[in-house]
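S.K.: Here's a structure for you.
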Amino acid sequence: MANAQRRTVISLFVVFLALLGLAVGVIFPRRTPLPSAQSTLSATPVPYVFPRVLPAQITRMVLEDRRDSANVATITLIKTAGDWQAFRTENDAFLPDLTKVARLLHGLASLRYNRIIEGTALEAFGLADGGRFVIRFTADSTYTLHIGGNNPDQTLAYVQRDGFAAILLVSAEQIAALTGALEGLAAP
């Protein structure tokens, strides 16, 4: 009898633990988020246009506004000890708006693309004759960014790195921030 009672007690104890585990599972459900479309999209990193460039490395920038081909506006920025100097011509120096310079530095270093177009005519993307805007800068090397037009729904912009035949599609918002900083560079 003692053996039979022991087995009954053990069986009841096992049933009790199973019911307790089930109750805990119902009362405190596991809060593991299910993978969503957004998380699967962001799992693949979007590549940088200039992958090895940090804002602090940039020491010189030449900015060209080529929208009016008869009158190309050029500004050269040179990093000096803790500051930036700007030149429209060799003898026309001015102090630039440093917040806009900081936006340019950060914008260039963080610029990412999400698509590539290869083997097409540059005219269709606003990149013929160098594009609408050109930014040349020196970090560990010299880089050039040609900025063209936007795609039909205005969400992406067409850009091209000097030396690459491919056209990169980047966020039109990022390009608007870059060109906006370019346009208002001279301090008021």
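Residue numbering restarts at 1 for every chain of the structure tokens, chains are lettered A, B, ... in their displayed order, and ligands are numbered from 1 as they appear.
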What are the closest atom pairs, with distances in Å to one decimal, for each residue of range 92-122 of chain A lying within 10 Å of range 41-65 of chain A, using only C-alpha atoms, rows by chain and rising residue number, as JSON lines?
M.R.:
```
{"residue": "A:Val101", "atom": "CA", "partner": "A:Met61", "partner_atom": "CA", "distance": 9.7}
{"residue": "A:Ala102", "atom": "CA", "partner": "A:Pro55", "partner_atom": "CA", "distance": 8.2}
{"residue": "A:Arg103", "atom": "CA", "partner": "A:Pro55", "partner_atom": "CA", "distance": 9.6}
{"residue": "A:Leu104", "atom": "CA", "partner": "A:Pro55", "partner_atom": "CA", "distance": 8.8}
{"residue": "A:Leu105", "atom": "CA", "partner": "A:Pro55", "partner_atom": "CA", "distance": 5.0}
{"residue": "A:His106", "atom": "CA", "partner": "A:Pro55", "partner_atom": "CA", "distance": 5.6}
{"residue": "A:Gly107", "atom": "CA", "partner": "A:Pro55", "partner_atom": "CA", "distance": 8.6}
{"residue": "A:Leu108", "atom": "CA", "partner": "A:Phe50", "partner_atom": "CA", "distance": 7.5}
{"residue": "A:Ala109", "atom": "CA", "partner": "A:Leu54", "partner_atom": "CA", "distance": 5.5}
{"residue": "A:Ser110", "atom": "CA", "partner": "A:Tyr48", "partner_atom": "CA", "distance": 6.7}
{"residue": "A:Leu111", "atom": "CA", "partner": "A:Val49", "partner_atom": "CA", "distance": 5.7}
{"residue": "A:Arg112", "atom": "CA", "partner": "A:Tyr48", "partner_atom": "CA", "distance": 4.2}
{"residue": "A:Tyr113", "atom": "CA", "partner": "A:Pro47", "partner_atom": "CA", "distance": 6.0}
{"residue": "A:Asn114", "atom": "CA", "partner": "A:Val46", "partner_atom": "CA", "distance": 5.9}
{"residue": "A:Arg115", "atom": "CA", "partner": "A:Val46", "partner_atom": "CA", "distance": 9.2}
```
S.K.: May I have the residues within 8 Å of Arg66 in chain A as a list in words, using only C-alpha atoms and disregarding those fewer than 4 positions away in the same chain?
M.R.: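 With the cut-off at 8 Å, the set is Asn71, Val72, Ala73, Gly131, Arg132, Phe133 and Val134 of chain A.
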S.K.: Excluding range 152-156 of chain A and any residue of its chain fewer than 2 positions from it, enumerate the residues within 9 Å of it, using only C-alpha atoms, and give them as a list in words.
M.R.: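 My reading of the contact set: Gly149, Asn150, Tyr158, Leu169, Val170, Ser171, Ala172, Glu173 and Ile175 of chain A.
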S.K.: Can you list, as a PyMOL selection string, all residues belonging to chain A that DSSP tags as helix (DSSP H, G or I)?
M.R.: chain A and resi 2-27+37-42+55-57+98-110+122-125+128-130+172-183
S.K.: For Asp162 in chain A, find every residue with an atom within 9 Å (counting only C-alpha atoms), except residues of its own chain fewer than 3 positions away, and show them as a list of chain:residue names.
M.R.: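 After dropping sequence-adjacent residues, the list is A:Tyr143, A:Thr144, A:Leu145, A:His146, A:Ala165.
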S.K.: Write a file of the selected residues as an mmCIF file, in the first residue's frame, keeping N, CA, C and O atoms.
M.R.:
```cif
data_model
loop_
_atom_site.group_PDB
_atom_site.id
_atom_site.type_symbol
_atom_site.label_atom_id
_atom_site.label_comp_id
_atom_site.auth_asym_id
_atom_site.auth_seq_id
_atom_site.Cartn_x
_atom_site.Cartn_y
_atom_site.Cartn_z
ATOM 1 N N TYR A 143 37.025 62.628 -53.377
ATOM 2 C CA TYR A 143 35.761 62.055 -53.812
ATOM 3 C C TYR A 143 34.956 63.119 -54.551
ATOM 4 O O TYR A 143 35.072 64.312 -54.263
ATOM 5 N N THR A 144 34.105 62.671 -55.461
ATOM 6 C CA THR A 144 33.209 63.580 -56.182
ATOM 7 C C THR A 144 31.817 62.979 -56.210
ATOM 8 O O THR A 144 31.652 61.802 -56.500
ATOM 9 N N LEU A 145 30.836 63.811 -55.915
ATOM 10 C CA LEU A 145 29.438 63.405 -55.960
ATOM 11 C C LEU A 145 28.726 64.295 -56.964
ATOM 12 O O LEU A 145 28.723 65.521 -56.837
ATOM 13 N N HIS A 146 28.111 63.676 -57.977
ATOM 14 C CA HIS A 146 27.301 64.384 -58.964
ATOM 15 C C HIS A 146 25.842 64.153 -58.582
ATOM 16 O O HIS A 146 25.415 63.010 -58.427
ATOM 17 N N ALA A 165 30.389 54.179 -63.241
ATOM 18 C CA ALA A 165 29.389 54.340 -64.289
ATOM 19 C C ALA A 165 27.974 54.206 -63.742
ATOM 20 O O ALA A 165 27.033 54.749 -64.310
#
```
S.K.: Could you jot down the CA of Leu182 in chain A to CA of Lys100 in chain A separation for me, Å, one decimal place?
M.R.: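 Interatomic distance here is 7.4 Å.
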S.K.: I'd like the contact shell of Pro96 in chain A - 12 Å cut-off, only C-alpha atoms, skipping same-chain residues fewer than 5 positions apart - returned as a short mmCIF file (atom, residue, chain, number, x, y, z; two decimals) with N, CA, C and O atoms, in the first residue's frame.
M.R.:
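This is the output file out-v1.cif:
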```cif
data_model
loop_
_atom_site.label_atom_id
_atom_site.label_comp_id
_atom_site.auth_asym_id
_atom_site.auth_seq_id
_atom_site.Cartn_x
_atom_site.Cartn_y
_atom_site.Cartn_z
N ILE A 75 31.84 77.41 -54.72
CA ILE A 75 32.33 77.80 -53.40
C ILE A 75 33.33 76.74 -52.96
O ILE A 75 33.06 75.55 -53.05
N THR A 76 34.48 77.18 -52.48
CA THR A 76 35.49 76.28 -51.96
C THR A 76 35.57 76.47 -50.45
O THR A 76 35.68 77.60 -49.96
N LEU A 77 35.48 75.38 -49.71
CA LEU A 77 35.59 75.40 -48.25
C LEU A 77 36.88 74.71 -47.85
O LEU A 77 37.17 73.61 -48.31
N ILE A 78 37.65 75.36 -46.98
CA ILE A 78 38.91 74.79 -46.50
C ILE A 78 38.89 74.81 -44.98
O ILE A 78 38.63 75.85 -44.36
N LYS A 79 39.20 73.66 -44.41
CA LYS A 79 39.23 73.54 -42.96
C LYS A 79 40.53 74.14 -42.44
O LYS A 79 41.61 73.77 -42.88
N ASP A 83 38.16 75.76 -37.61
CA ASP A 83 37.19 76.60 -38.30
C ASP A 83 37.17 76.25 -39.78
O ASP A 83 37.94 75.42 -40.25
N TRP A 84 36.30 76.88 -40.52
CA TRP A 84 36.23 76.71 -41.97
C TRP A 84 36.27 78.08 -42.62
O TRP A 84 35.70 79.03 -42.12
N GLN A 85 36.98 78.17 -43.74
CA GLN A 85 37.00 79.38 -44.55
C GLN A 85 36.38 79.05 -45.89
O GLN A 85 36.55 77.94 -46.39
N ALA A 86 35.69 80.01 -46.46
CA ALA A 86 35.04 79.80 -47.75
C ALA A 86 35.53 80.84 -48.74
O ALA A 86 35.84 81.98 -48.38
N PHE A 87 35.59 80.43 -50.01
CA PHE A 87 36.04 81.30 -51.09
C PHE A 87 35.11 81.13 -52.29
O PHE A 87 34.86 80.00 -52.71
N ARG A 88 34.63 82.26 -52.82
CA ARG A 88 33.92 82.21 -54.09
C ARG A 88 34.92 82.27 -55.24
O ARG A 88 34.77 81.61 -56.24
N VAL A 101 27.79 74.04 -42.83
CA VAL A 101 28.98 73.23 -43.09
C VAL A 101 28.87 71.91 -42.34
O VAL A 101 29.15 70.84 -42.89
N ALA A 102 28.43 71.97 -41.10
CA ALA A 102 28.26 70.74 -40.31
C ALA A 102 27.23 69.82 -40.96
O ALA A 102 27.42 68.60 -41.01
N LEU A 104 26.53 69.67 -44.16
CA LEU A 104 27.18 69.12 -45.36
C LEU A 104 28.10 67.95 -44.97
O LEU A 104 28.08 66.90 -45.61
N ALA A 181 21.77 72.97 -47.72
CA ALA A 181 22.95 73.48 -47.00
C ALA A 181 23.88 74.18 -47.99
O ALA A 181 24.49 75.20 -47.66
N LEU A 182 23.98 73.65 -49.19
CA LEU A 182 24.81 74.24 -50.23
C LEU A 182 24.31 75.63 -50.62
O LEU A 182 25.10 76.57 -50.74
N GLU A 183 23.01 75.74 -50.83
CA GLU A 183 22.43 77.00 -51.30
C GLU A 183 22.53 78.11 -50.28
O GLU A 183 22.71 79.27 -50.64
N GLY A 184 22.41 77.81 -49.01
CA GLY A 184 22.45 78.87 -47.99
C GLY A 184 23.74 78.90 -47.22
O GLY A 184 23.74 79.22 -46.04
N LEU A 185 24.84 78.59 -47.86
CA LEU A 185 26.11 78.44 -47.16
C LEU A 185 26.67 79.76 -46.64
O LEU A 185 27.27 79.81 -45.59
N ALA A 186 26.50 80.82 -47.38
CA ALA A 186 27.03 82.10 -46.94
C ALA A 186 26.25 82.60 -45.73
O ALA A 186 25.03 82.62 -45.73
N ALA A 187 26.97 82.94 -44.67
CA ALA A 187 26.32 83.41 -43.44
C ALA A 187 25.60 84.73 -43.72
O ALA A 187 26.08 85.54 -44.51
N PRO A 188 24.45 84.94 -43.09
CA PRO A 188 23.69 86.18 -43.32
C PRO A 188 24.43 87.40 -42.82
O PRO A 188 25.24 87.36 -41.97
#
```
S.K.: In Å, how far is it from CA of Phe125 in chain A to CA of Ser69 in chain A?
M.R.: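 Computing the Euclidean distance for CA of Phe125 in chain A and CA of Ser69 in chain A yields 16.5 Å.
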S.K.: Please give the complete set of residues from range 121-184 of chain A that DSSP, run on the backbone, assigns to strand (DSSP E), formatted as a list of chain:residue names.
M.R.: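 Assigned to strand (DSSP E), within range 121-184 of chain A: A:Phe133, A:Val134, A:Ile135, A:Arg136, A:Phe137, A:Thr138, A:Thr142, A:Tyr143, A:Thr144, A:Leu145, A:His146, A:Ile147, A:Gly148, A:Gly149, A:Asn150, A:Leu156, A:Ala157, A:Tyr158, A:Val159, A:Gln160, A:Arg161, A:Ile167, A:Leu168, A:Leu169, A:Val170, A:Ser171.
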S.K.: Can I get the selection written as an mmCIF file, in the first residue's frame, with N, CA and C atoms?
M.R.:
```
data_model
loop_
_atom_site.group_PDB
_atom_site.id
_atom_site.type_symbol
_atom_site.label_atom_id
_atom_site.label_comp_id
_atom_site.auth_asym_id
_atom_site.auth_seq_id
_atom_site.Cartn_x
_atom_site.Cartn_y
_atom_site.Cartn_z
ATOM 1 N N PHE A 133 24.257 69.580 -59.341
ATOM 2 C CA PHE A 133 25.182 70.004 -58.290
ATOM 3 C C PHE A 133 26.356 69.030 -58.316
ATOM 4 N N VAL A 134 27.542 69.535 -57.984
ATOM 5 C CA VAL A 134 28.719 68.688 -57.864
ATOM 6 C C VAL A 134 29.398 69.047 -56.547
ATOM 7 N N ILE A 135 29.738 68.020 -55.774
ATOM 8 C CA ILE A 135 30.462 68.223 -54.514
ATOM 9 C C ILE A 135 31.735 67.394 -54.595
ATOM 10 N N ARG A 136 32.876 68.063 -54.542
ATOM 11 C CA ARG A 136 34.177 67.388 -54.476
ATOM 12 C C ARG A 136 34.721 67.623 -53.076
ATOM 13 N N PHE A 137 35.216 66.573 -52.475
ATOM 14 C CA PHE A 137 35.771 66.766 -51.135
ATOM 15 C C PHE A 137 36.966 65.854 -50.916
ATOM 16 N N THR A 138 37.794 66.286 -49.972
ATOM 17 C CA THR A 138 38.998 65.542 -49.633
ATOM 18 C C THR A 138 38.866 65.053 -48.205
ATOM 19 N N THR A 142 40.292 61.802 -52.502
ATOM 20 C CA THR A 142 39.417 62.804 -53.091
ATOM 21 C C THR A 142 38.200 62.109 -53.685
ATOM 22 N N TYR A 143 37.025 62.628 -53.377
ATOM 23 C CA TYR A 143 35.761 62.055 -53.812
ATOM 24 C C TYR A 143 34.956 63.119 -54.551
ATOM 25 N N THR A 144 34.105 62.671 -55.461
ATOM 26 C CA THR A 144 33.209 63.580 -56.182
ATOM 27 C C THR A 144 31.817 62.979 -56.210
ATOM 28 N N LEU A 145 30.836 63.811 -55.915
ATOM 29 C CA LEU A 145 29.438 63.405 -55.960
ATOM 30 C C LEU A 145 28.726 64.295 -56.964
ATOM 31 N N HIS A 146 28.111 63.676 -57.977
ATOM 32 C CA HIS A 146 27.301 64.384 -58.964
ATOM 33 C C HIS A 146 25.842 64.153 -58.582
ATOM 34 N N ILE A 147 25.096 65.242 -58.451
ATOM 35 C CA ILE A 147 23.698 65.153 -58.044
ATOM 36 C C ILE A 147 22.820 65.519 -59.231
ATOM 37 N N GLY A 148 21.911 64.616 -59.587
ATOM 38 C CA GLY A 148 20.993 64.838 -60.703
ATOM 39 C C GLY A 148 19.599 65.179 -60.207
ATOM 40 N N GLY A 149 18.613 64.707 -60.930
ATOM 41 C CA GLY A 149 17.212 64.981 -60.586
ATOM 42 C C GLY A 149 16.638 63.936 -59.657
ATOM 43 N N ASN A 150 15.321 64.043 -59.453
ATOM 44 C CA ASN A 150 14.596 63.093 -58.606
ATOM 45 C C ASN A 150 13.800 62.130 -59.474
ATOM 46 N N LEU A 156 13.218 59.553 -54.360
ATOM 47 C CA LEU A 156 14.615 59.186 -54.536
ATOM 48 C C LEU A 156 15.288 60.173 -55.484
ATOM 49 N N ALA A 157 16.581 60.362 -55.295
ATOM 50 C CA ALA A 157 17.357 61.235 -56.172
ATOM 51 C C ALA A 157 18.442 60.404 -56.848
ATOM 52 N N TYR A 158 18.816 60.837 -58.047
ATOM 53 C CA TYR A 158 19.848 60.150 -58.810
ATOM 54 C C TYR A 158 21.188 60.833 -58.559
ATOM 55 N N VAL A 159 22.170 60.046 -58.140
ATOM 56 C CA VAL A 159 23.521 60.564 -57.916
ATOM 57 C C VAL A 159 24.525 59.615 -58.564
ATOM 58 N N GLN A 160 25.732 60.137 -58.731
ATOM 59 C CA GLN A 160 26.789 59.320 -59.311
ATOM 60 C C GLN A 160 28.102 59.720 -58.654
ATOM 61 N N ARG A 161 28.870 58.715 -58.286
ATOM 62 C CA ARG A 161 30.219 58.956 -57.769
ATOM 63 C C ARG A 161 31.172 59.039 -58.941
ATOM 64 N N ILE A 167 24.541 54.574 -61.624
ATOM 65 C CA ILE A 167 23.770 55.651 -61.006
ATOM 66 C C ILE A 167 23.171 55.088 -59.727
ATOM 67 N N LEU A 168 23.334 55.811 -58.631
ATOM 68 C CA LEU A 168 22.833 55.370 -57.336
ATOM 69 C C LEU A 168 21.559 56.128 -57.001
ATOM 70 N N LEU A 169 20.604 55.445 -56.426
ATOM 71 C CA LEU A 169 19.377 56.091 -55.967
ATOM 72 C C LEU A 169 19.463 56.264 -54.463
ATOM 73 N N VAL A 170 19.399 57.516 -54.031
ATOM 74 C CA VAL A 170 19.479 57.845 -52.611
ATOM 75 C C VAL A 170 18.204 58.580 -52.213
ATOM 76 N N SER A 171 17.982 58.717 -50.955
ATOM 77 C CA SER A 171 16.815 59.411 -50.442
ATOM 78 C C SER A 171 16.806 60.865 -50.933
#
```
